[in-house]
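What follows is a short report on a single structure.
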Amino acid sequence: MLISSKPTFSYRLEAMKSVRFQTALKDIKHGVEREGLRIKPDGKLAQTGHPASLGSALTHECITTDFSESLLEFITPPVASSEITTTQLKDIHKFTLDNIGEEMLWPLSMPCFINNQDEIPLAYFGESNVGKMKRVYRMGLKNRYGSMMQAISGVHFNFSLPDTFWQAWAELNNTAYSTDQVSADYFALIRNYRRYCWLLPFLYGASPALCGSFLRGKETALPFEHVGKGTVYMPYATSLRMSDLGYTNSEQSALQICYNQLSTYVDKLRSAMYTPSSRFGQFAAGEGGHFQQLSKNILQIENELYSPIRPKQPTASMEKPTDALVRRGVNYVEVRVLDVNPFTPVGIDKQQMDFLDVFMVTCLMLDSPEMDAPELAECRENMDRVVMEGRKPSLVLSQRGQEHHFAAWAEALFVHFRQTAELLDAANGSTEYSEAVDAEWKKVQDPALTPSGRILTYLLENNMDNSEFGLALARQYADQIRAHNYSFYSEADFRSMAASSLAEQVAIESEDEVSFEQFVSDYFAEPTTQKSEE
């Protein structure tokens, strides 16, 4: 294979047409984590506990809870076929809906009508130390940010490239293949993702409006308009979920998390975990055995960092994410900017996943210089502009201090996306990647085709509340999913997983040998600074 001292996008594109790369590209893996609130038939939040028939939220491999007992999270394992992932999601949804009685799943990211945040029950994971720790962490989130923000749902898309790809990629880029190099290449991808991820809420944002109950007790100067009886919206918004109103935390911007090297990323994240916060010091963190949060630091644990993407490595039991990254490097990346897609029963569809493959591979192939603090701030500002007014015809973004019209910058990116799509189509013997790119390009040409545009048009034309829209979809999808025939899993598979998870929870609870206070102290002991032997 020819070696270039400074490979360009075009050079990499041509090189990746080789049999070696084409074979590796067929083994890109994805997984999905879809969140969704359980609701009652009238559209209000379910107050029931996590159904035992679904298994243990602590140990089940694909059905768990997030912040609340009412907030389900469905997890699919990493597989190479996005079609299989979609089928797995349908099966998980079917088993769930068949086992929650008259309850349904809320199909929108922004929550249903909630009269008071105390109506949002904290998730319960049993009486083991690890279960208690999960609950206390959520108690800390409630005390720090309020429960309403935590009732927001999203979809996380997990993406990884196989070892065979990274071996060929290292040779192409004239570097030695190693765990460290794979991590460095994933961080190059992440930097470009941060540069261009403003495009994703435009394409997939589905929260231009929200129930007025969400704003109760909040001060906001945002120029909201009203529709229906109690819905507020912003005319050009794409994803209010990703705004400061939703699942972000403006205070964390000061952390200056670095995406240039794994080591600096870990150091910054750990610093936030071990630096006291004056703002959160008012809540107890173990004094006299009383816990209102896990710690009084800026972050209780790493997962409290609200980021549009995370480098990930699967963790062992009670292993901190940063320790796993230090020991074994980056294994995959988690895309975290996706709203629940309300136009599909499972919150995400195959075409989205195909486009995300194209987007992520393109981010890797483009040149990715290191980012300084001003550029990272610029990336945040671009994201803020798109989530608040992404469909505004005159929207302007900034790239290294230079202004660019949104549509012009998007058009330039789509030139690369089309080339990458052809590459992936060739590897997989399909046209689906190019079709996905074409479908997304139509949204750039006509923003009314975006999910946010479609939702807002429907609400305004019918003077309809967000809650009425969501409830109608919830009923439609409940009927549709209950009529679905299992295609990947079987009902027996889910019954077995539920029983095994419950038995595993009992075993964990019986094995605790230290007090909860000691358990938390041990967890926050000195972090790993050395890699494991390879």
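Residues are referred to by chain and number: the chain letter is A, B, ... according to the order shown in the structure tokens, the number counts from 1 in that chain, and ligands are numbered separately from 1 in the order shown.
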
What's around A:Asp91 at 10 Å? Count only C-alpha atoms, leave out sequence neighbours fewer than 5 positions away in its own chain, and write the answer as a PDB file with C-alpha atoms, in the first residue's frame.
ATOM      1  CA  THR A  85     -30.447  -3.333  15.270  1.00  0.00           C
ATOM      2  CA  THR A  86     -33.830  -2.042  14.130  1.00  0.00           C
ATOM      3  CA  THR A  96     -42.125  -4.207  26.997  1.00  0.00           C
ATOM      4  CA  LEU A  97     -45.500  -3.081  25.710  1.00  0.00           C
ATOM      5  CA  VAL A 346     -38.695   2.672  18.068  1.00  0.00           C
ATOM      6  CA  ILE A 481     -45.743  -2.753  18.056  1.00  0.00           C
ATOM      7  CA  ARG A 482     -48.105  -5.130  19.855  1.00  0.00           C
ATOM      8  CA  HIS A 484     -45.391  -7.022  15.554  1.00  0.00           C
ATOM      9  CA  ASN A 485     -44.124 -10.609  15.380  1.00  0.00           C
ATOM     10  CA  TYR A 486     -40.822 -11.321  17.100  1.00  0.00           C
ATOM     11  CA  SER A 487     -38.074 -11.471  14.459  1.00  0.00           C
ATOM     12  CA  PHE A 488     -34.727 -11.611  16.259  1.00  0.00           C
ATOM     13  CA  TYR A 489     -35.501 -12.454  19.880  1.00  0.00           C
ATOM     14  CA  SER A 490     -38.425 -14.553  21.063  1.00  0.00           C
ATOM     15  CA  GLU A 491     -40.769 -14.094  23.989  1.00  0.00           C
ATOM     16  CA  PHE A 494     -37.027 -12.192  27.089  1.00  0.00           C
TER      17      PHE A 494
END

Within 8 Å of A:His50, counting only C-alpha atoms, which residues qualify if same-chain residues fewer than 5 places away don't, as a PyMOL selection string?
chain A and resi 57+65+69-70

Go through stretch 135-270 of chain A and collect every residue that DSSP, computed from the backbone, puts in strand (DSSP E or B); the answer should be as a ChimeraX atom specification.
/A:155-160,207,209-211,225-227,231-233,239

Applying 9 Å and only C-alpha atoms, which residues near stretch 151-154 of chain A remain after dropping the ones on its own chain fewer than 5 positions away? List them as a list in words.
Glu33, Arg34, Glu35, Gly36, Leu37, Asp66, Phe67, Ser68, Ser70, Leu71, Leu108, Ser109, Met110, Pro111, Ile120, Arg241, Gly246, Tyr247, Arg336, Val337, Leu338, Asp339, Val340, Asn341 and Gly347 of chain A

Kindly assemble as a Markdown table a list of the stretch 147-208 of chain A residues that lie within 10 Å of stretch 5-26 of chain A, each paired with its nearest atom pair and their distance in Å to one decimal, using only C-alpha atoms, sorted first by chain and then by ascending residue number.
| residue | atom | partner | partner_atom | distance |
| --- | --- | --- | --- | --- |
| A:Leu161 | CA | A:Leu25 | CA | 7.5 |
| A:Pro162 | CA | A:Ala24 | CA | 6.6 |
| A:Asp163 | CA | A:Ala24 | CA | 8.2 |
| A:Thr164 | CA | A:Ala24 | CA | 5.7 |
| A:Phe165 | CA | A:Ala24 | CA | 5.0 |
| A:Trp166 | CA | A:Ala24 | CA | 8.8 |
| A:Gln167 | CA | A:Phe21 | CA | 9.7 |
| A:Ala168 | CA | A:Phe21 | CA | 6.8 |
| A:Trp169 | CA | A:Phe21 | CA | 8.3 |
| A:Leu172 | CA | A:Arg12 | CA | 7.7 |
| A:Asn173 | CA | A:Pro7 | CA | 6.6 |
| A:Asn174 | CA | A:Ser5 | CA | 7.1 |

Suppose you want the space between atom CA of A:Tyr233 and atom CA of A:Gly212; what is it in Å?
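Value for the atom CA of A:Tyr233-atom CA of A:Gly212 distance: 9.3 Å.
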
Identify, with DSSP run on backbone atoms, the residues in stretch 88-221 of chain A assigned to helix (DSSP H, G or I), and express the list as a compact mmCIF listing (two decimals) with N, CA and C atoms, in the first residue's frame.
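See part.txt below for the written result:
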# COMPACT_ATOMS: atom_id res chain seq x y z
N GLN A 88 -34.04 -5.73 16.51
CA GLN A 88 -33.87 -5.94 17.95
C GLN A 88 -34.69 -4.92 18.74
N LEU A 89 -34.64 -3.66 18.31
CA LEU A 89 -35.41 -2.63 19.00
C LEU A 89 -36.90 -2.92 18.95
N LYS A 90 -37.39 -3.34 17.81
CA LYS A 90 -38.82 -3.66 17.70
C LYS A 90 -39.20 -4.79 18.66
N ASP A 91 -38.35 -5.81 18.74
CA ASP A 91 -38.64 -6.93 19.64
C ASP A 91 -38.64 -6.49 21.09
N ILE A 92 -37.67 -5.66 21.47
CA ILE A 92 -37.61 -5.16 22.85
C ILE A 92 -38.84 -4.33 23.17
N HIS A 93 -39.23 -3.47 22.23
CA HIS A 93 -40.44 -2.67 22.42
C HIS A 93 -41.68 -3.55 22.57
N LYS A 94 -41.77 -4.60 21.76
CA LYS A 94 -42.95 -5.46 21.84
C LYS A 94 -43.04 -6.14 23.20
N PHE A 95 -41.94 -6.72 23.66
CA PHE A 95 -41.99 -7.40 24.96
C PHE A 95 -42.37 -6.41 26.06
N THR A 96 -41.82 -5.22 25.98
CA THR A 96 -42.12 -4.21 27.00
C THR A 96 -43.60 -3.83 26.98
N LEU A 97 -44.10 -3.50 25.81
CA LEU A 97 -45.50 -3.08 25.71
C LEU A 97 -46.46 -4.21 26.09
N GLN A 117 -42.33 18.24 39.69
CA GLN A 117 -41.20 17.34 39.53
C GLN A 117 -41.18 16.21 40.54
N ASP A 118 -41.89 16.36 41.63
CA ASP A 118 -41.96 15.29 42.61
C ASP A 118 -42.80 14.11 42.11
N GLU A 119 -43.49 14.30 40.99
CA GLU A 119 -44.22 13.20 40.37
C GLU A 119 -43.30 12.26 39.60
N ASN A 129 -25.15 -2.52 47.36
CA ASN A 129 -24.39 -1.27 47.38
C ASN A 129 -24.37 -0.61 46.00
N VAL A 130 -24.18 -1.41 44.95
CA VAL A 130 -24.13 -0.82 43.61
C VAL A 130 -25.50 -0.26 43.23
N GLY A 131 -26.57 -0.94 43.63
CA GLY A 131 -27.92 -0.42 43.37
C GLY A 131 -28.17 0.88 44.10
N LYS A 132 -27.75 0.94 45.37
CA LYS A 132 -27.92 2.17 46.15
C LYS A 132 -27.10 3.31 45.54
N MET A 133 -25.92 2.98 45.04
CA MET A 133 -25.08 4.02 44.46
C MET A 133 -25.74 4.63 43.22
N LYS A 134 -26.35 3.79 42.41
CA LYS A 134 -27.05 4.30 41.24
C LYS A 134 -28.19 5.23 41.65
N ARG A 135 -28.90 4.86 42.69
CA ARG A 135 -30.02 5.69 43.13
C ARG A 135 -29.53 7.01 43.73
N VAL A 136 -28.47 6.96 44.53
CA VAL A 136 -27.95 8.19 45.13
C VAL A 136 -27.42 9.13 44.04
N TYR A 137 -26.79 8.57 43.04
CA TYR A 137 -26.34 9.41 41.93
C TYR A 137 -27.51 10.17 41.31
N ARG A 138 -28.62 9.48 41.12
CA ARG A 138 -29.81 10.12 40.56
C ARG A 138 -30.40 11.13 41.52
N MET A 139 -30.32 10.85 42.82
CA MET A 139 -30.76 11.82 43.82
C MET A 139 -29.92 13.10 43.71
N GLY A 140 -28.64 12.89 43.46
CA GLY A 140 -27.76 14.04 43.27
C GLY A 140 -28.13 14.85 42.04
N LEU A 141 -28.48 14.16 40.95
CA LEU A 141 -28.91 14.87 39.75
C LEU A 141 -30.16 15.69 40.02
N LYS A 142 -31.09 15.10 40.77
CA LYS A 142 -32.32 15.82 41.10
C LYS A 142 -32.00 17.08 41.92
N ASN A 143 -31.14 16.94 42.92
CA ASN A 143 -30.80 18.08 43.77
C ASN A 143 -30.01 19.14 43.02
N ARG A 144 -29.17 18.71 42.11
CA ARG A 144 -28.31 19.65 41.40
C ARG A 144 -29.05 20.39 40.28
N TYR A 145 -29.87 19.65 39.52
CA TYR A 145 -30.44 20.22 38.30
C TYR A 145 -31.96 20.16 38.23
N SER A 147 -35.55 17.46 38.61
CA SER A 147 -35.97 16.22 37.96
C SER A 147 -36.51 16.43 36.55
N MET A 148 -37.06 17.61 36.28
CA MET A 148 -37.68 17.81 34.97
C MET A 148 -36.68 17.61 33.84
N MET A 149 -35.48 18.13 34.01
CA MET A 149 -34.47 17.98 32.97
C MET A 149 -34.13 16.51 32.77
N GLN A 150 -34.15 15.74 33.86
CA GLN A 150 -33.78 14.34 33.78
C GLN A 150 -34.88 13.48 33.17
N ASP A 163 -10.92 -3.95 14.39
CA ASP A 163 -9.46 -3.94 14.47
C ASP A 163 -8.82 -4.03 13.09
N THR A 164 -9.43 -4.79 12.19
CA THR A 164 -8.87 -4.92 10.84
C THR A 164 -8.83 -3.57 10.13
N PHE A 165 -9.81 -2.74 10.40
CA PHE A 165 -9.80 -1.40 9.82
C PHE A 165 -8.66 -0.59 10.41
N TRP A 166 -8.53 -0.60 11.73
CA TRP A 166 -7.51 0.23 12.37
C TRP A 166 -6.10 -0.20 11.98
N GLN A 167 -5.91 -1.48 11.73
CA GLN A 167 -4.59 -1.95 11.28
C GLN A 167 -4.26 -1.38 9.91
N ALA A 168 -5.24 -1.43 8.99
CA ALA A 168 -5.04 -0.87 7.65
C ALA A 168 -4.91 0.65 7.70
N TRP A 169 -5.69 1.28 8.60
CA TRP A 169 -5.66 2.74 8.74
C TRP A 169 -4.29 3.21 9.24
N ALA A 170 -3.72 2.48 10.19
CA ALA A 170 -2.40 2.85 10.71
C ALA A 170 -1.36 2.81 9.60
N GLU A 171 -1.41 1.75 8.79
CA GLU A 171 -0.45 1.64 7.69
C GLU A 171 -0.64 2.77 6.68
N LEU A 172 -1.89 3.06 6.36
CA LEU A 172 -2.19 4.13 5.41
C LEU A 172 -1.65 5.47 5.89
N THR A 179 -3.01 0.10 20.61
CA THR A 179 -4.18 0.62 21.34
C THR A 179 -4.12 2.14 21.45
N ASP A 180 -2.91 2.65 21.72
CA ASP A 180 -2.75 4.11 21.83
C ASP A 180 -3.10 4.81 20.52
N GLN A 181 -2.67 4.22 19.40
CA GLN A 181 -2.93 4.85 18.12
C GLN A 181 -4.42 4.80 17.77
N VAL A 182 -5.07 3.70 18.07
CA VAL A 182 -6.52 3.61 17.83
C VAL A 182 -7.25 4.69 18.63
N SER A 183 -6.84 4.87 19.89
CA SER A 183 -7.45 5.92 20.70
C SER A 183 -7.22 7.30 20.10
N ALA A 184 -5.99 7.54 19.63
CA ALA A 184 -5.67 8.83 19.01
C ALA A 184 -6.52 9.06 17.77
N ASP A 185 -6.74 8.01 16.98
CA ASP A 185 -7.56 8.15 15.78
C ASP A 185 -9.03 8.38 16.12
N TYR A 186 -9.51 7.70 17.16
CA TYR A 186 -10.89 7.97 17.59
C TYR A 186 -11.02 9.42 18.07
N PHE A 187 -10.00 9.94 18.72
CA PHE A 187 -10.07 11.33 19.17
C PHE A 187 -10.02 12.30 17.99
N ALA A 188 -9.32 11.93 16.91
CA ALA A 188 -9.35 12.76 15.70
C ALA A 188 -10.77 12.79 15.14
N LEU A 189 -11.42 11.63 15.13
CA LEU A 189 -12.82 11.56 14.70
C LEU A 189 -13.70 12.45 15.58
N ILE A 190 -13.48 12.35 16.89
CA ILE A 190 -14.29 13.13 17.84
C ILE A 190 -14.12 14.63 17.61
N ARG A 191 -12.91 15.07 17.34
CA ARG A 191 -12.69 16.51 17.11
C ARG A 191 -13.51 16.98 15.90
N ASN A 192 -13.47 16.22 14.82
CA ASN A 192 -14.25 16.62 13.66
C ASN A 192 -15.75 16.49 13.91
N TYR A 193 -16.12 15.51 14.70
CA TYR A 193 -17.53 15.42 15.09
C TYR A 193 -17.95 16.70 15.80
N ARG A 194 -17.13 17.18 16.72
CA ARG A 194 -17.47 18.42 17.42
C ARG A 194 -17.56 19.60 16.44
N ARG A 195 -16.74 19.56 15.39
CA ARG A 195 -16.76 20.66 14.42
C ARG A 195 -18.03 20.66 13.57
N TYR A 196 -18.55 19.46 13.29
CA TYR A 196 -19.64 19.37 12.32
C TYR A 196 -20.95 18.83 12.90
N LEU A 199 -24.84 19.79 12.41
CA LEU A 199 -25.71 19.32 11.34
C LEU A 199 -26.75 18.32 11.85
N LEU A 200 -26.39 17.54 12.88
CA LEU A 200 -27.27 16.45 13.32
C LEU A 200 -28.57 16.93 13.96
N PRO A 201 -28.56 17.93 14.86
CA PRO A 201 -29.85 18.42 15.35
C PRO A 201 -30.69 19.08 14.27
N PHE A 202 -30.04 19.63 13.25
CA PHE A 202 -30.83 20.14 12.12
C PHE A 202 -31.55 19.00 11.43
N LEU A 203 -30.83 17.92 11.15
CA LEU A 203 -31.42 16.80 10.41
C LEU A 203 -32.39 15.98 11.25
N TYR A 204 -32.08 15.82 12.55
CA TYR A 204 -32.83 14.87 13.37
C TYR A 204 -33.49 15.49 14.60
N GLY A 212 -45.81 23.48 28.36
CA GLY A 212 -45.53 24.61 29.25
C GLY A 212 -45.21 24.18 30.66
N SER A 213 -45.66 22.99 31.07
CA SER A 213 -45.38 22.52 32.44
C SER A 213 -43.88 22.34 32.65
N PHE A 214 -43.13 22.12 31.57
CA PHE A 214 -41.69 21.93 31.69
C PHE A 214 -41.00 23.20 32.19
N LEU A 215 -41.58 24.35 31.88
CA LEU A 215 -40.95 25.63 32.23
C LEU A 215 -41.37 26.13 33.61

For A:Phe159, which of A:Ser430, A:Thr528, A:Ser81, A:Gln300 is the closest residue, counting only C-alpha atoms?
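Of A:Ser430, A:Thr528, A:Ser81, A:Gln300, the one nearest A:Phe159, counting only C-alpha atoms, is A:Ser81.
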
I want to know what sits within 9 Å of A:Phe355, based on only C-alpha atoms, with residues of the same chain fewer than 2 positions away left out; could you give that as a ChimeraX atom specification?
/A:350-353,357-360,417,421,433-437,440

Could you check which of A:Ala176, A:Ala498, A:Lys229, A:Pro51 is closest to A:Leu459, using only C-alpha atoms?
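Looking at the shortest contact to A:Leu459, the residue is A:Lys229.
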